[in-house]
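What follows is the content of upload.cif (mmCIF, C-alpha atoms and all ligand atoms).
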```cif
data_query
loop_
_atom_site.label_atom_id
_atom_site.label_comp_id
_atom_site.auth_asym_id
_atom_site.auth_seq_id
_atom_site.Cartn_x
_atom_site.Cartn_y
_atom_site.Cartn_z
CA MET Z 1043 35.14 -76.82 -53.09
CA GLN Z 1044 32.07 -77.00 -50.85
CA GLU Z 1045 33.68 -74.33 -48.67
CA ALA Z 1046 34.20 -72.06 -51.69
CA ILE Z 1047 30.56 -72.42 -52.76
CA ARG Z 1048 29.47 -71.61 -49.25
CA GLU Z 1049 31.55 -68.44 -49.13
CA THR Z 1050 30.16 -67.29 -52.46
CA ALA Z 1051 26.57 -67.95 -51.41
CA GLN Z 1052 27.12 -66.23 -48.09
CA SER Z 1053 28.78 -63.19 -49.65
CA ARG Z 1054 26.06 -62.78 -52.30
CA LEU Z 1055 23.43 -63.12 -49.62
CA ASN Z 1056 25.17 -60.45 -47.53
CA GLU Z 1057 25.48 -58.17 -50.54
CA ILE Z 1058 21.78 -58.47 -51.44
CA THR Z 1059 20.70 -58.03 -47.84
CA ALA Z 1060 22.73 -54.82 -47.68
CA GLN Z 1061 21.15 -53.54 -50.92
CA MET Z 1062 17.69 -54.42 -49.60
CA SER Z 1063 18.34 -52.46 -46.40
CA ALA Z 1064 19.60 -49.47 -48.37
CA ALA Z 1065 16.48 -49.43 -50.57
CA ALA Z 1066 14.20 -49.88 -47.55
CA LYS Z 1067 15.93 -47.04 -45.74
CA LEU Z 1068 15.45 -44.68 -48.70
CA ALA Z 1069 11.75 -45.51 -48.67
CA THR Z 1070 11.61 -45.16 -44.85
CA ARG Z 1071 10.59 -48.78 -44.61
CA VAL Z 1072 11.70 -51.46 -42.15
CA PRO Z 1073 13.98 -54.10 -43.74
CA ALA Z 1074 12.30 -56.81 -41.65
CA ASP Z 1075 9.07 -56.18 -43.59
CA ILE Z 1076 10.70 -57.44 -46.79
CA THR Z 1077 11.22 -61.14 -47.45
CA LEU Z 1078 13.98 -62.26 -49.79
CA ILE Z 1079 12.81 -65.38 -51.64
CA ALA Z 1080 15.85 -67.20 -52.98
CA VAL Z 1081 14.67 -68.55 -56.34
CA SER Z 1082 16.29 -71.97 -56.47
CA LYS Z 1083 14.70 -73.31 -59.69
CA THR Z 1084 17.22 -75.28 -61.79
CA ARG Z 1085 19.74 -75.23 -58.91
CA SER Z 1086 21.01 -78.48 -57.48
CA ILE Z 1087 20.76 -79.60 -53.88
CA GLY Z 1088 24.50 -78.93 -53.62
CA GLU Z 1089 24.03 -75.31 -54.70
CA ILE Z 1090 21.11 -74.67 -52.35
CA GLU Z 1091 22.49 -76.33 -49.24
CA PRO Z 1092 25.13 -73.64 -48.47
CA LEU Z 1093 22.41 -70.97 -48.34
CA ILE Z 1094 20.37 -73.07 -45.93
CA ARG Z 1095 23.46 -73.55 -43.78
CA ALA Z 1096 24.00 -69.79 -43.90
CA GLY Z 1097 20.59 -69.50 -42.25
CA HIS Z 1098 18.44 -68.45 -45.21
CA GLN Z 1099 14.92 -69.88 -44.93
CA SER Z 1100 12.73 -68.65 -47.85
CA TYR Z 1101 13.02 -70.37 -51.24
CA GLY Z 1102 11.09 -70.25 -54.49
CA GLU Z 1103 10.55 -72.96 -57.09
CA ASN Z 1104 8.51 -72.79 -60.30
CA ARG Z 1105 7.88 -76.48 -61.00
CA ILE Z 1106 6.19 -78.92 -58.67
CA GLN Z 1107 8.02 -81.95 -59.97
CA GLU Z 1108 11.43 -80.36 -59.58
CA ALA Z 1109 10.56 -79.22 -56.06
CA GLN Z 1110 9.50 -82.77 -55.18
CA THR Z 1111 12.91 -84.12 -56.16
CA LYS Z 1112 14.88 -81.57 -54.10
CA TRP Z 1113 12.96 -80.27 -51.12
CA PRO Z 1114 12.00 -83.32 -49.05
CA GLU Z 1115 15.74 -83.79 -48.47
CA LEU Z 1116 16.63 -80.10 -48.13
CA LYS Z 1117 13.79 -79.42 -45.68
CA LYS Z 1118 15.42 -81.83 -43.25
CA LEU Z 1119 18.29 -79.34 -42.84
CA ASP Z 1120 16.07 -76.66 -41.31
CA ALA Z 1121 12.55 -77.06 -39.93
CA GLY Z 1122 11.89 -73.37 -40.55
CA ILE Z 1123 12.14 -73.45 -44.34
CA VAL Z 1124 9.32 -71.69 -46.18
CA LEU Z 1125 8.81 -72.89 -49.76
CA HIS Z 1126 7.13 -70.55 -52.25
CA LEU Z 1127 5.57 -71.69 -55.54
CA ILE Z 1128 6.30 -68.90 -58.04
CA GLY Z 1129 5.46 -70.67 -61.31
CA GLN Z 1130 2.24 -71.37 -63.19
CA LEU Z 1131 0.04 -73.97 -61.57
CA GLN Z 1132 -2.33 -76.36 -63.32
CA SER Z 1133 -5.57 -77.06 -61.52
CA ASN Z 1134 -4.95 -80.82 -61.59
CA LYS Z 1135 -1.72 -80.24 -59.61
CA ALA Z 1136 -3.38 -78.16 -56.89
CA ALA Z 1137 -3.33 -80.93 -54.29
CA GLU Z 1138 0.35 -81.62 -54.86
CA ALA Z 1139 1.12 -77.92 -54.62
CA VAL Z 1140 -0.76 -77.56 -51.36
CA SER Z 1141 1.06 -80.47 -49.76
CA MET Z 1142 4.54 -79.45 -50.98
CA PHE Z 1143 4.54 -75.65 -50.67
CA ASP Z 1144 3.91 -73.10 -47.93
CA VAL Z 1145 2.97 -70.05 -50.03
CA ILE Z 1146 1.58 -69.84 -53.58
CA HIS Z 1147 2.30 -66.80 -55.78
CA SER Z 1148 0.48 -67.83 -58.95
CA LEU Z 1149 -3.23 -67.96 -58.21
CA ASP Z 1150 -4.55 -66.32 -61.36
CA ARG Z 1151 -7.95 -67.73 -62.36
CA LEU Z 1152 -11.29 -68.92 -61.07
CA SER Z 1153 -10.81 -72.61 -61.91
CA LEU Z 1154 -7.55 -72.62 -59.94
CA ALA Z 1155 -9.21 -70.92 -56.96
CA THR Z 1156 -11.81 -73.70 -56.94
CA ALA Z 1157 -9.15 -76.43 -57.16
CA LEU Z 1158 -6.94 -74.84 -54.48
CA GLY Z 1159 -9.91 -74.27 -52.19
CA LYS Z 1160 -10.82 -77.94 -52.38
CA ALA Z 1161 -7.22 -79.11 -51.88
CA MET Z 1162 -6.82 -76.84 -48.85
CA ARG Z 1163 -10.04 -78.11 -47.25
CA ASP Z 1164 -9.11 -81.74 -47.96
CA GLN Z 1165 -5.67 -81.31 -46.38
CA GLY Z 1166 -6.58 -78.81 -43.70
CA ARG Z 1167 -3.72 -76.62 -44.94
CA PHE Z 1168 -4.81 -73.08 -45.75
CA LEU Z 1169 -1.80 -71.61 -47.53
CA PRO Z 1170 -1.43 -67.89 -48.08
CA CYS Z 1171 -1.78 -67.16 -51.80
CA PHE Z 1172 -0.75 -64.18 -53.87
CA ILE Z 1173 -2.98 -63.33 -56.79
CA GLN Z 1174 -0.80 -63.07 -59.89
CA VAL Z 1175 -1.79 -60.09 -62.03
CA ASN Z 1176 -0.97 -59.85 -65.74
CA ILE Z 1177 0.20 -56.32 -65.11
CA GLY Z 1178 1.33 -55.56 -68.68
CA ALA Z 1179 -1.74 -57.22 -70.28
CA GLU Z 1180 0.58 -59.53 -72.22
CA PRO Z 1181 -1.34 -62.26 -74.08
CA GLN Z 1182 1.39 -64.91 -73.69
CA LYS Z 1183 1.71 -64.46 -69.94
CA GLY Z 1184 -0.14 -65.98 -67.00
CA GLY Z 1185 -1.85 -63.79 -64.48
CA CYS Z 1186 -5.30 -62.44 -63.91
CA ALA Z 1187 -6.41 -59.46 -66.02
CA ILE Z 1188 -6.70 -56.29 -63.94
CA GLU Z 1189 -10.42 -56.01 -64.67
CA ALA Z 1190 -10.99 -59.62 -63.53
CA LEU Z 1191 -9.42 -59.04 -60.09
CA PRO Z 1192 -12.63 -58.26 -58.16
CA GLU Z 1193 -14.26 -61.49 -59.30
CA LEU Z 1194 -11.17 -63.58 -58.48
CA LEU Z 1195 -10.86 -61.96 -55.04
CA ALA Z 1196 -14.51 -62.77 -54.35
CA ALA Z 1197 -13.90 -66.39 -55.39
CA THR Z 1198 -10.90 -66.77 -53.07
CA LYS Z 1199 -13.01 -65.42 -50.23
CA ALA Z 1200 -15.79 -67.90 -50.99
CA GLU Z 1201 -13.19 -70.71 -50.99
CA ASN Z 1202 -11.64 -69.52 -47.68
CA ILE Z 1203 -8.26 -69.07 -49.36
CA PRO Z 1204 -6.09 -66.63 -47.41
CA VAL Z 1205 -4.99 -63.90 -49.83
CA ALA Z 1206 -1.48 -62.69 -49.03
CA GLY Z 1207 -1.51 -59.95 -51.66
CA LEU Z 1208 -0.69 -59.42 -55.33
CA MET Z 1209 2.18 -60.69 -57.47
CA CYS Z 1210 3.46 -59.60 -60.87
CA LEU Z 1211 6.10 -60.22 -63.50
CA PRO Z 1212 6.36 -56.99 -65.49
CA PRO Z 1213 7.04 -57.06 -69.24
CA ALA Z 1214 10.68 -57.91 -70.01
CA ASP Z 1215 13.26 -55.40 -71.18
CA ILE Z 1216 11.42 -52.21 -70.30
CA GLU Z 1217 11.42 -50.04 -67.21
CA PRO Z 1218 9.49 -52.01 -64.54
CA ALA Z 1219 8.78 -49.13 -62.12
CA PRO Z 1220 5.40 -48.09 -63.62
CA TYR Z 1221 4.20 -51.70 -63.40
CA PHE Z 1222 5.34 -52.04 -59.79
CA ALA Z 1223 3.58 -48.77 -58.97
CA LEU Z 1224 0.41 -49.99 -60.66
CA LEU Z 1225 0.47 -53.26 -58.70
CA ALA Z 1226 0.90 -51.29 -55.47
CA GLU Z 1227 -2.02 -49.07 -56.43
CA LEU Z 1228 -4.24 -52.12 -57.09
CA SER Z 1229 -3.20 -53.65 -53.78
CA ALA Z 1230 -4.22 -50.48 -51.95
CA ARG Z 1231 -7.47 -50.29 -53.92
CA TYR Z 1232 -8.48 -53.77 -52.75
CA GLY Z 1233 -7.14 -53.41 -49.21
CA LEU Z 1234 -4.42 -56.04 -49.54
CA ASP Z 1235 -1.04 -56.11 -47.78
CA GLY Z 1236 1.55 -58.19 -49.61
CA LEU Z 1237 3.31 -57.29 -52.85
CA SER Z 1238 5.42 -59.99 -54.50
CA MET Z 1239 7.47 -58.10 -57.06
CA GLY Z 1240 11.09 -57.51 -58.01
CA MET Z 1241 13.75 -59.91 -59.27
CA SER Z 1242 17.55 -59.85 -59.59
CA GLY Z 1243 17.67 -56.79 -61.84
CA ASP Z 1244 15.06 -54.62 -60.20
CA TYR Z 1245 14.47 -55.60 -56.58
CA GLN Z 1246 15.68 -52.28 -55.18
CA THR Z 1247 13.17 -50.41 -57.34
CA ALA Z 1248 10.47 -52.85 -56.25
CA ILE Z 1249 11.31 -52.30 -52.58
CA MET Z 1250 11.12 -48.53 -53.01
CA LEU Z 1251 7.64 -49.03 -54.51
CA GLY Z 1252 6.42 -51.23 -51.68
CA ALA Z 1253 7.46 -54.85 -52.39
CA THR Z 1254 7.07 -57.12 -49.36
CA HIS Z 1255 8.46 -60.20 -51.15
CA ILE Z 1256 11.25 -60.06 -53.71
CA ARG Z 1257 12.11 -63.12 -55.82
CA VAL Z 1258 15.82 -63.27 -56.55
CA GLY Z 1259 17.57 -66.07 -58.45
CA SER Z 1260 20.60 -65.23 -60.54
CA ALA Z 1261 21.92 -62.46 -58.27
CA LEU Z 1262 22.16 -65.07 -55.51
CA PHE Z 1263 23.14 -68.24 -57.34
CA GLY Z 1264 24.83 -66.85 -60.46
CA GLU Z 1265 23.48 -66.86 -64.01
CA ARG Z 1266 21.35 -69.87 -64.91
CA GLY Z 1267 23.11 -72.17 -67.40
C1 LIG Z 1301 13.04 -67.19 -62.29
C2 LIG Z 1301 12.08 -66.30 -61.62
C3 LIG Z 1301 12.51 -65.27 -60.77
C4 LIG Z 1301 13.98 -64.96 -60.51
O1 LIG Z 1301 14.59 -64.40 -61.62
P1 LIG Z 1301 16.10 -63.83 -61.53
O2 LIG Z 1301 16.15 -62.85 -62.63
O3 LIG Z 1301 17.00 -64.99 -61.71
O4 LIG Z 1301 16.26 -63.18 -60.20
C5 LIG Z 1301 11.54 -64.50 -60.15
N1 LIG Z 1301 10.22 -64.72 -60.34
C6 LIG Z 1301 9.76 -65.70 -61.14
C7 LIG Z 1301 8.29 -65.89 -61.29
C8 LIG Z 1301 10.67 -66.52 -61.81
O5 LIG Z 1301 10.20 -67.49 -62.61
#
```
Would you write out, as structure tokens, the structure that this file holds?
Ligand SMILES: *Cc1c(COP(=O)(O)O)cnc(C)c1O
Amino acid sequence: MQEAIRETAQSRLNEITAQMSAAAKLATRVPADITLIAVSKTRSIGEIEPLIRAGHQSYGENRIQEAQTKWPELKKLDAGIVLHLIGQLQSNKAAEAVSMFDVIHSLDRLSLATALGKAMRDQGRFLPCFIQVNIGAEPQKGGCAIEALPELLAATKAENIPVAGLMCLPPADIEPAPYFALLAELSARYGLDGLSMGMSGDYQTAIMLGATHIRVGSALFGERG
């Protein structure tokens, strides 16, 4: 059973890596410049372990509490694991996030920049953060409004928070390419490097439009139950 899970995880990983390389090649980009974040939210330790044993090191979780129940044990399997927080973060959980994670993708407002800045100084851990942009201006979604980006970038600078780049979750069920292109344009406008965009259904498109970090869950682990 464990062996079968491992083979499946390994073959999906190989398949996605091949697709990533193909998309990178089309865009005359180097595959090594693109990080595959395996989104392991809702997956058990038993489902994640085979990927770690296959040598995969970047993982994404969206809830602090869930990460706390799984990752202290899983991190023991590989000292090189990099854990990404991809879900909304409450300011009162900033300290926990800074101690548990290695990269944060959901910095989206001034109050959170203040809380993260303090937590990073207190712990002496200055984690790279992506600024999440509400790229489709959807009222129900997290993310900084496009017009509020300059102010948030200034705040992160004042707090000494290393900005890794921009992150987005485009509106569901419509063509994501224009939103990816817009995020890339904003990143260039503000002189940033990283672009966290693209999920199971659209990561090749995202890579062709400049993604440096893709966040892939169901294509790696199977559909979430
Ligand atoms: C769940 C999630 C993903 C992965 O979605 P899949 O469609 O399963 O690949 C990516 N990014 C964020 C922010 C998520 O919450």
Interatomic distance, atom CA of Z:Met1142 to atom CA of Z:Arg1095 (Å, one decimal):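 Going from atom CA of Z:Met1142 over to atom CA of Z:Arg1095 covers 21.1 Å.
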Pairwise distance for atom CA of Z:Gly1178 and atom CA of Z:Ala1080, rounded to one decimal in Å: 24.3 Å
At most 9 Å from ligand LIG 1301 (chain Z) (only C-alpha atoms and all ligand atoms): residue list as a PyMOL selection string: chain Z and resi 1079-1083+1102-1104+1127-1130+1147-1148+1209-1211+1238-1245+1256-1266
Interatomic distance, atom CA of Z:Leu1055 to atom CA of Z:Ile1123 (Å, one decimal):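 About the pair atom CA of Z:Leu1055 and atom CA of Z:Ile1123: they are 16.2 Å apart.
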Using all atoms listed in the file, which residues of stretch 1142-1256 of chain Z come within 6 Å of stretch 1066-1077 of chain Z, and what is the closest atom pair for each, with the distance in Å to one decimal? Give it as JSON lines, sorted by chain and residue number.
```
{"residue": "Z:Met1250", "atom": "CA", "partner": "Z:Ala1069", "partner_atom": "CA", "distance": 5.3}
{"residue": "Z:Thr1254", "atom": "CA", "partner": "Z:Ile1076", "partner_atom": "CA", "distance": 4.5}
{"residue": "Z:His1255", "atom": "CA", "partner": "Z:Thr1077", "partner_atom": "CA", "distance": 4.7}
```
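Ranking Z:Tyr1232, Z:Tyr1221, Z:Phe1172, Z:Trp1113 by their shortest atom-to-atom distance to Z:Ala1206, with only C-alpha atoms included, puts Z:Phe1172 first.
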Nearest to Z:Gly1252 by atom-to-atom distance, counting only C-alpha atoms, from Z:Ala1136, Z:Leu1119, Z:Met1062, Z:Cys1186: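 Looking only at the distances to Z:Gly1252, the closest residue turns out to be Z:Met1062.
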Of the listed residues Z:Ala1096, Z:Leu1169, Z:Pro1220, Z:Arg1105, that which approaches Z:Ser1053 most closely, counting all atoms listed in the file: Z:Ala1096
Residues within 7 Å of stretch 1156-1160 of chain Z, only C-alpha atoms, excluding chain neighbours under 4 positions, as a list in words: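 So the residues in contact are Ser1133, Ala1136, Leu1152, Asp1164, Glu1201, Asn1202 and Ile1203 of chain Z.
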Counting only C-alpha atoms, the option among Z:Ala1109, Z:Pro1181, Z:Glu1138, Z:Asp1144 closest to Z:Ala1161: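 That would be Z:Glu1138, the residue with the smallest distance to Z:Ala1161.
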